[in-house]
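Participant: Please read through the structure below; I'll follow up with questions.
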Amino acid sequence: MSQLSASDSQQIAGRIEDLYAKPLRDLETVAEANPDGSMLAALIDSLTDLQFAERNIAFQLQRLRELAHPERQIGPVEAVHILDCARRLADSVATRDAHTKTLNGVLASLHRVPDPEPEQGPAPCTAVVPAPARAAARAR
């Protein structure tokens, strides 16, 4: 997969906001109120996982740079830490890519439905029948 920017989650968050026509904060509140069986809740959960993966990538990259700094001596203990950090980085990249691909696919299949326009049917009857005429009609 191509190199993705750290703003993938921001772009996807924007697409979710456009789809639901509300700010993400409001959508998170709605999703928390209905966590099961809701497309919105699934999108928000996956977006949260994507954001976590992006933060973890940044953290693991910084940690790897510190561990592999040219002025540091790398012994057996440091080598284990470097390998562990590289493994965690690879896991986070795979997680980010999977969530990005899934969210983009789902969002591509969804679209905002325009608000229904009022139907142009016959106008409702507003004629008022006087009370004595109604009573006479019932008596017949």
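Letters A, B, ... mark the chains of the structure tokens in the order given; residue numbers begin at 1 per chain; ligand numbers begin at 1, in order shown.
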Show which residues sit within 7 Å of segment 60-69 of chain A, as a list in words. Count only C-alpha atoms, and ignore same-chain residues fewer than 4 positions away.

Facilitator: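 So, after excluding close chain neighbours, the residues are Asn56, Ile82, Cys85 and Leu89 of chain A.
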
Participant: Can you measure atom CA of Ser9 of chain A to atom CA of Gln51 of chain A for me? One decimal in Å is fine.

Facilitator: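 Atom CA of Ser9 of chain A sits 5.9 Å away from atom CA of Gln51 of chain A.
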
Participant: Can you tell me, as an MDAnalysis selection string, which residues in segment 19-118 of chain A count as alpha helix (DSSP H) by DSSP?

Facilitator: chainID A and resid 19:20 24:33 39:67 76:109

Participant: Would you mind listing what lies within 9 Å of Leu47 of chain A as a list of chain:residue names, with only C-alpha atoms counted and same-chain residues fewer than 3 positions away left out?

Facilitator: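 The filter keeps A:Ser9, A:Ile12, A:Ala13, A:Ala42, A:Leu43, A:Ile44, A:Leu50, A:Gln51, A:Phe52, A:His99, A:Thr100, A:Leu103.
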
Participant: Deliver the residues from the most recent selection as a file, using N, CA and C atoms, as a PDB file, in the first residue's frame.

Facilitator:
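Below is the file out30.pdb, written as the result:
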ATOM      1  N   SER A   9      -6.864   9.966   9.108  1.00  0.00           N
ATOM      2  CA  SER A   9      -7.999   9.951  10.036  1.00  0.00           C
ATOM      3  C   SER A   9      -8.763  11.270   9.982  1.00  0.00           C
ATOM      4  N   ILE A  12     -10.923  11.154   6.827  1.00  0.00           N
ATOM      5  CA  ILE A  12     -12.049  10.243   7.019  1.00  0.00           C
ATOM      6  C   ILE A  12     -13.056  10.857   7.984  1.00  0.00           C
ATOM      7  N   ALA A  13     -12.585  11.507   9.035  1.00  0.00           N
ATOM      8  CA  ALA A  13     -13.490  12.189   9.970  1.00  0.00           C
ATOM      9  C   ALA A  13     -14.314  13.248   9.226  1.00  0.00           C
ATOM     10  N   ALA A  42     -20.275   2.040  14.319  1.00  0.00           N
ATOM     11  CA  ALA A  42     -19.207   1.247  13.701  1.00  0.00           C
ATOM     12  C   ALA A  42     -18.173   2.154  13.043  1.00  0.00           C
ATOM     13  N   LEU A  43     -18.626   3.199  12.364  1.00  0.00           N
ATOM     14  CA  LEU A  43     -17.702   4.140  11.732  1.00  0.00           C
ATOM     15  C   LEU A  43     -16.854   4.870  12.775  1.00  0.00           C
ATOM     16  N   ILE A  44     -17.493   5.320  13.843  1.00  0.00           N
ATOM     17  CA  ILE A  44     -16.776   6.049  14.901  1.00  0.00           C
ATOM     18  C   ILE A  44     -15.767   5.132  15.591  1.00  0.00           C
ATOM     19  N   LEU A  50      -8.295   3.802  14.075  1.00  0.00           N
ATOM     20  CA  LEU A  50      -7.372   4.387  13.102  1.00  0.00           C
ATOM     21  C   LEU A  50      -6.552   5.508  13.748  1.00  0.00           C
ATOM     22  N   GLN A  51      -7.213   6.360  14.514  1.00  0.00           N
ATOM     23  CA  GLN A  51      -6.504   7.448  15.185  1.00  0.00           C
ATOM     24  C   GLN A  51      -5.472   6.906  16.175  1.00  0.00           C
ATOM     25  N   PHE A  52      -5.831   5.860  16.906  1.00  0.00           N
ATOM     26  CA  PHE A  52      -4.893   5.249  17.846  1.00  0.00           C
ATOM     27  C   PHE A  52      -3.686   4.677  17.098  1.00  0.00           C
ATOM     28  N   HIS A  99      -7.652  -0.309   8.626  1.00  0.00           N
ATOM     29  CA  HIS A  99      -8.777   0.564   8.984  1.00  0.00           C
ATOM     30  C   HIS A  99      -9.023   1.612   7.905  1.00  0.00           C
ATOM     31  N   THR A 100      -7.962   2.152   7.337  1.00  0.00           N
ATOM     32  CA  THR A 100      -8.122   3.150   6.274  1.00  0.00           C
ATOM     33  C   THR A 100      -8.816   2.535   5.061  1.00  0.00           C
ATOM     34  N   LEU A 103     -12.568   1.751   6.073  1.00  0.00           N
ATOM     35  CA  LEU A 103     -13.371   2.968   6.202  1.00  0.00           C
ATOM     36  C   LEU A 103     -13.596   3.640   4.846  1.00  0.00           C
TER      37      LEU A 103
END
